[in-house]
Amino acid sequence: MMLQRLFASAESGYLKVAIDAGIGNATLHGMVNGRTFPRWRTLKAVLIALGIRQERQLAAWQAAHGRARDDKPPACGPATKLGWLLAEVSDPFMLEVHRPIRVDEHGGPALPLLPPYLLRKHDQELAQVVARAAGGESVMAVLVGGSSTGKTRACWEALAPLRALPGWRLWHPFDPTRPEAALAGLAQVGPRTVVWLNETQLYLETSGDVGERVAAALHTLLTDPARRPALVLGTIWPREWNTLTTRANLDRHSQARTLLTNLAAPDIAVPEAFTDKELSALRDVFGTDPRLARARAEAVNGHITQYLAGVPELLKSYQHAPPTAKAIIDAAMDARRLGFGPAIPLALLEEVAQSYLSDLELEAAGDNWLKEALDYTAKPCKGVPGPLTRIRPRATSESATVPYPGPLYRLAEYLYQYGRRIRSDLLPPAAFWTALSRYAAPPDLMLLANAALDRGLDCHAAQLVKRAATITTPLDTHCAYRLVKELQRWGATDQAAVLAKRAAAHGSLDHPHDVVELITILRELGATDRVTALIARNPASHVRLDDPRSVARLVRILQGSGATGQALTLAKRAATHVLHLGWPGHVGLILRVLRDLGATDQFTALAKNAAAHACLDDPTSVSGLLRSLQELGAPDQALALAKRAATRVGLGSPIHVVMLLEELLDMGATDQATALVQHAATNIPLSDAYAVATLLEALRRLSATDQALALAKRAATPTVLDHQYGVPALLETMREVGATDQVNALAHYARLDNPNGVAALLEALQKAGATDHVTALIARNPAAHAHLGDVYGVAALLRAMREVGATDQVTALAQRAATNAPLDHLHGVAALLKELRKLGTTEHASVLAQRAATHAPLDDPRGTAVLLKELRKLGTTEHASVLAQRAATHAPLDDPRGTAVLLRELRESSDTNQAFTLARRAATDICLEDSTRVEELLGALRELGMTDQISILIDRLPAAGHFFLFLKQQGTSTTRFRFGRNPDGSPAGQWSWNELE
């Protein structure tokens with residue numbers, strides 16, 4: 001780490017230092033990046049080449065070298081420990097913590113590298129994960145939040161406890177690229193290692209299967225007892241988190257999803273802003289550092305971390321940039337958001353920037369326009385890097401796969417995210433798309449091709465695919481078959497056939513779904529000879545095995561094509577792998593395939609292994625496997641699995657435990673069902689009151705009275721009333737199973753500041769006829785103690801106290817709530833208004849209605865619609881009009897579905913003017929990220945008859961990557977866009993594969 005910092009501050013590049021030191025360039029890379037440990041003689045030569053020549057300096061380095069040498073593993077262990085000793089890692093910027101703003105007028109003593117840290121809720125959650133690692137576990141934590149929200153800084157601060165422990169190391173894989181470095185080194189990670197995966201999506205969301213292999217290697221690390229403890233820390237943006245953790249029809253991230261949702265600790269959300277309460281609590285801390293003081297005074301809406309990272313200055317620099325500088329920033333934004341890697345060649349920016357300028361701007365630009373523009377974009381913003389900066393030579397390793405030599409530039413991270421929002425429905429000019437194929441790295445070519453396809457730019461997509469095919473083998477089959485299907489759709493059969501045949505000969509065979517789709521398309525084209533050629537390439541030995549459904553489909557295709565040997569090979573491979581996926585439901589698919597192939601030995605072996613070793617975490621999957629084993633004629637294995645599951649199945653979801661219980665009863669495994677009942681009643685977690693109620697109800701239906709009572713006694717603790725949802729159902733079920741003593745006892749020690757719990761308890765006591773206990777609970781005056789922050793709970797408590805006749809307390813609580821209840825949860829405010837309306841307390845309802853109409857936040861359009869409806873029912877027309885006007889003018893436009901709901905409510909309110917105001921805003925500015933939600937908004941606009949707004953919104957769709965939705969909404973004839981469209985929106989002319997460059 002010390003050597004890396006020294007090298008970062010030096011002006012010489014790797015090659016010059018290596019020559020001056022008399023060593024190889026690769027040797028120098030290994031030393032600087034921590035992969036190899038040098039002899040002192042070699043290190044000394046490098047230090048001298050870097051200008052370290054004084055005896056005192058060299059002596060200090062020699063002492064540090066000796067300490068590091070003593071930390072090396074013995075000769076019988078791995079040759080080199082990865083990374084650096086954590087205690088010696090003192091530079092947060094080497095780990096990509098944002099540099100803070102500089103306060104030029106500060107005249108006091110030198111400031112520390114970073115301002116004082118402000119602890120928040122997510123830091124507490126992260127500290128718990130780090131404590132587990134310190135205690136000997138291997139764990140992973142991923143912080144999820146937007147750009148510059150403090151994710152990396154939080155990880156840096158969380159390492160403090162491990163720095164004090166001996167032997168802990170930190171490894172940040174990034175050379176030659178992040179995923180390649182991780183894949184090469186993860187197998188060497190030993191105990192007491194922190195694996196630093198800042199920007200986790202760069203490791204897991206990659207072209208090809210590298211990201212999935214990284215995820216699998218992390219899975220192995222976290223589950224290997226010999227390498228405990230290890231700590232994996234990651235950061236990621238919400239959009240990328242959703243991409244990696246959401247199961248899609250084409251499951252390209254199964255390993256990553258399993259890693260992030262099953263093995264890692266629950267994702268830790270990092271909020272965009274500090275709350276007023278947090279700012280108030282930290283008032284004294286802000287005065288200790290002028291950077292914090294400036295942020296506190298000038299940051300908007302609590303965006304402290306963004307201000308410290310220079311975001312406001314960065315945005316000013318972009319927004320006020322001269323035309324030429326803005327053009328190259330816009331070009332860089334477009335390149336990054338459409339799939340280009342972080343390192344952007346200057347040659348690309350220079351070639352395309354002119355197409356972003358108007359004729360007048362281009363004419364006004366001088367001969368030296370590029371240098372002036374780059375000087376502007378490189379200018380620091382209050383001490384943090386400018387919008388677009390040149391990558392120093394030491395960082396070129398991150399872009400080693402860029403095929404074009406020359407200077408490389410990096411777009412500021414925040415502007416990358418900002419550009420994805422503000423330019424999401426802008427289509428780059430034709431020159432941009434034409435230039436991409438000459439400058440993009442092979443993995444990026446296919447991402448860019450998919451982006452072009454999503455926008456209807458078939459010719460440009462084909463050009464990118466063809467370029468990828470010429471510089472890399474194999475061709476990306478996924479993108480190729482997408483393009484073929486698109487060409488087929490428009491009747492460009494010749495072009496589709498050429499590309500499909502090329503994919504059959506050169507397409508990648510790593511994903512079974514892609515191979516299946518390609519074979520299907522080839523058959524539709526009548527290219528049976530190409531199907532034969534593709535099968536001859538032996539996909540059975542090459543496809544990944546983490547998508548069992550697609551594997552099963554491919555086995556059947558191979559079998560139906562006469563390639564029985566390959567079908568059997570693939571089925572056998574899948575049989576040995578499927579249990580490692582941690583999803584027992586998939587085992588049934590492979591068992592069925594083996595049976596149909598007549599692979600009796602493999603079928604029997606997998607059935608036995610599944611019964612003995614299948615993961616039992618998910619009761620639903622276990623139920624599915626039990627069913628498969630019985631249907632496929634393996635009753636003994638089904639019974640063996642049932643015995644294991646009865647006492648060891650995961651109990652995290654009581655509802656699914658009930659499903660497993662019913663499955664056991666259906667198969668006649670009565671003893672196992674009884675054991676599961678006992679296991680669940682004794683050990684099931686009580687964190688979900690509704691789920692516990694579901695299990696209690698199932699136990700009652702099964703006449704498992706003793707177990708139901710045992711579970712009811714476990715659940716009857718004061719903390720059960722803290723659960724916002726499910727408490728009424730739980731208390732009702734407890735009463736039904738005869739646990740009335742437990743329900744009654746809760747009346748004596750219920751916390752009065754929990755209005756929802758008290759309300760549920762009052763309702764349960766009244767239903768049970770426990771009048772004395774109701775009276776005792778009311779006598780404790782819950783109205784005076786109820787916490788108003790739980791607005792839903794306050795509404796429920798008003799209703800419960802009304803039903804038990806506590807009129808005085810109802811009036812007192814109604815007055816408190818109307819005047820002081822917070823307004824930040826609109827659905828809850830609407831529920832409270834509804835209850836006040838039912839109570840007939842017009843005065844209190846009017847007070848709350850006025851407050852809500854004037855001051856309620858508008859960040860949730862659906863909540864705004866619900867509140868607007870309740871104001872209308874209340875008859876407060878004036879207040880409803882105020883809220884409608886505020887919402888139509890200021891409601892955020894990031895949720896098309898919520899906006900559709902609000903539009904319909906404005907129509908129901910006969911607020912036509914406000915509906916048109918909101919519709920006009922939505923048509924031009926609504927977020928278009930989710931095509932399904934956009935389609936719902938279009939439906940609402942049609943209901944309102946807003947033809948002009950519909951046309952405006954539809955015209956935005958292709959540039960936002962929703963060309964297919966554009967065609968669906970337009971009802972466009974397929975012949976018009978037979979060959980796709982041009983970037984200007986016009987239909988593309990005929991093109992052929994051979995005409996492409």
# chains A, B, ... in the order shown; residues from 1 in each chain; ligands from 1
call {"tool": "select_by_dssp", "arguments": {"residues": "region 494-534 of chain A", "states": "alpha helix (DSSP H)", "output": "VMD selection string"}}
result
chain A and resid 494 to 506 512 to 524 528 to 534
call {"tool": "residues_around", "arguments": {"residues": "region 284-295 of chain A", "least_positions_apart": "3", "cutoff": "8 Å", "atoms": "only C-alpha atoms", "output": "PyMOL selection string"}}
result
chain A and resi 100-103+106+111+115-116+118+281+298-299+304+307-308
call {"tool": "write_last_selection", "arguments": {"atoms": "N, CA and C atoms", "output": "tab-separated table (two decimals), in the first residue's frame"}}
result
chain	number	residue	atom	x	y	z
A	100	PRO	N	-12.89	15.06	-0.14
A	100	PRO	CA	-13.85	16.10	0.27
A	100	PRO	C	-13.53	17.43	-0.40
A	101	ILE	N	-14.49	18.33	-0.35
A	101	ILE	CA	-14.27	19.66	-0.90
A	101	ILE	C	-13.14	20.36	-0.15
A	102	ARG	N	-12.54	21.32	-0.81
A	102	ARG	CA	-11.50	22.13	-0.19
A	102	ARG	C	-12.10	23.47	0.21
A	103	VAL	N	-11.83	23.93	1.41
A	103	VAL	CA	-12.30	25.24	1.89
A	103	VAL	C	-11.11	26.17	1.85
A	106	HIS	N	-9.97	28.62	4.74
A	106	HIS	CA	-9.62	28.09	6.05
A	106	HIS	C	-8.18	28.47	6.40
A	111	LEU	N	-6.05	20.49	7.95
A	111	LEU	CA	-7.19	19.63	8.20
A	111	LEU	C	-6.82	18.18	7.94
A	115	PRO	N	-13.22	14.76	6.75
A	115	PRO	CA	-13.94	15.42	7.85
A	115	PRO	C	-14.37	14.39	8.88
A	116	PRO	N	-14.72	14.83	10.10
A	116	PRO	CA	-15.25	13.90	11.10
A	116	PRO	C	-16.42	13.12	10.54
A	118	LEU	N	-19.98	11.12	10.55
A	118	LEU	CA	-21.28	11.27	11.19
A	118	LEU	C	-22.02	9.93	11.13
A	281	ALA	N	-29.20	16.38	15.90
A	281	ALA	CA	-28.42	15.62	16.88
A	281	ALA	C	-26.91	15.81	16.67
A	298	GLU	N	-24.86	25.06	3.45
A	298	GLU	CA	-25.19	25.25	2.04
A	298	GLU	C	-25.84	24.04	1.37
A	299	ALA	N	-25.72	22.85	1.96
A	299	ALA	CA	-26.30	21.67	1.33
A	299	ALA	C	-27.82	21.80	1.28
A	304	ILE	N	-25.76	16.19	2.67
A	304	ILE	CA	-24.46	16.54	3.24
A	304	ILE	C	-23.33	15.82	2.52
A	307	TYR	N	-22.64	17.11	-0.93
A	307	TYR	CA	-21.95	18.41	-0.92
A	307	TYR	C	-20.47	18.23	-0.63
A	308	LEU	N	-20.17	17.38	0.35
A	308	LEU	CA	-18.76	17.15	0.70
A	308	LEU	C	-17.98	16.56	-0.47
call {"tool": "closest_residue", "arguments": {"among": "A:Ala134, A:Leu746, A:Leu651, A:Leu839", "to": "Leu165 (chain A)", "atoms": "only C-alpha atoms"}}
result
A:Ala134
call {"tool": "residues_around", "arguments": {"residues": "region 571-574 of chain A", "least_positions_apart": "6", "cutoff": "9 Å", "atoms": "only C-alpha atoms", "output": "MDAnalysis selection string"}}
result
chainID A and resid 540:541 545:546 548 551:552 555 590:591 593:594 597 599 602
call {"tool": "closest_residue", "arguments": {"among": "A:Gly150, A:Gly560, A:Pro512, A:Gly167", "to": "His542 (chain A)", "atoms": "only C-alpha atoms"}}
result
A:Pro512
call {"tool": "closest_residue", "arguments": {"among": "A:Val882, A:Gly145, A:Ala327, A:Lys371", "to": "Gln354 (chain A)", "atoms": "only C-alpha atoms"}}
result
A:Ala327
call {"tool": "closest_residue", "arguments": {"among": "A:Leu415, A:Ile329, A:Ala704, A:Val270", "to": "Ala675 (chain A)", "atoms": "only C-alpha atoms"}}
result
A:Ala704
call {"tool": "residues_around", "arguments": {"residues": "Ile778 (chain A)", "least_positions_apart": "3", "cutoff": "9 Å", "atoms": "only C-alpha atoms", "output": "ChimeraX atom specification"}}
result
/A:762,773-775,781-783,801,806,809
call {"tool": "write_last_selection", "arguments": {"atoms": "C-alpha atoms", "output": "PDB file, in the first residue's frame"}}
result
ATOM      1  CA  LEU A 762     -58.078  -3.679  23.010  1.00  0.00           C
ATOM      2  CA  HIS A 773     -58.827  -6.056  31.356  1.00  0.00           C
ATOM      3  CA  VAL A 774     -60.185  -3.516  28.822  1.00  0.00           C
ATOM      4  CA  THR A 775     -61.040  -1.163  31.665  1.00  0.00           C
ATOM      5  CA  ASN A 781     -54.543   6.423  29.561  1.00  0.00           C
ATOM      6  CA  PRO A 782     -53.077   5.224  26.236  1.00  0.00           C
ATOM      7  CA  ALA A 783     -54.386   8.373  24.513  1.00  0.00           C
ATOM      8  CA  MET A 801     -61.110   3.288  21.897  1.00  0.00           C
ATOM      9  CA  ALA A 806     -63.547   5.588  25.859  1.00  0.00           C
ATOM     10  CA  GLN A 809     -59.671   9.625  25.488  1.00  0.00           C
TER      11      GLN A 809
END
call {"tool": "residues_around", "arguments": {"residues": "Leu797 (chain A)", "least_positions_apart": "4", "cutoff": "7 Å", "atoms": "only C-alpha atoms", "output": "ChimeraX atom specification"}}
result
/A:755-756,758-759,793,801
call {"tool": "residues_around", "arguments": {"residues": "Leu509 (chain A)", "least_positions_apart": "4", "cutoff": "8 Å", "atoms": "only C-alpha atoms", "output": "count of residues only"}}
result
6
call {"tool": "residues_around", "arguments": {"residues": "Tyr414 (chain A)", "least_positions_apart": "2", "cutoff": "9 Å", "atoms": "only C-alpha atoms", "output": "list in words"}}
result
Gly146, Ser147, Ser148, Val311, Leu314, Leu315, Pro387, Leu411, Ala412, Tyr416, Gln417, Tyr418 and Gly419 of chain A
call {"tool": "select_by_dssp", "arguments": {"residues": "region 391-545 of chain A", "states": "strand (DSSP E)", "output": "JSON, numbers by chain"}}
result
{"A": [408, 409, 410, 411]}
call {"tool": "write_last_selection", "arguments": {"atoms": "N, CA and C atoms", "output": "PDB file, in the first residue's frame"}}
result
ATOM      1  N   LEU A 408      -6.917   8.242 -22.410  1.00  0.00           N
ATOM      2  CA  LEU A 408      -8.230   7.758 -21.952  1.00  0.00           C
ATOM      3  C   LEU A 408      -8.763   8.703 -20.890  1.00  0.00           C
ATOM      4  N   TYR A 409     -10.082   8.873 -20.872  1.00  0.00           N
ATOM      5  CA  TYR A 409     -10.698   9.810 -19.935  1.00  0.00           C
ATOM      6  C   TYR A 409     -11.801   9.110 -19.142  1.00  0.00           C
ATOM      7  N   ARG A 410     -12.004   9.643 -17.917  1.00  0.00           N
ATOM      8  CA  ARG A 410     -13.028   9.077 -17.032  1.00  0.00           C
ATOM      9  C   ARG A 410     -14.061  10.147 -16.692  1.00  0.00           C
ATOM     10  N   LEU A 411     -15.332   9.794 -16.824  1.00  0.00           N
ATOM     11  CA  LEU A 411     -16.425  10.677 -16.443  1.00  0.00           C
ATOM     12  C   LEU A 411     -16.648  10.575 -14.937  1.00  0.00           C
TER      13      LEU A 411
END
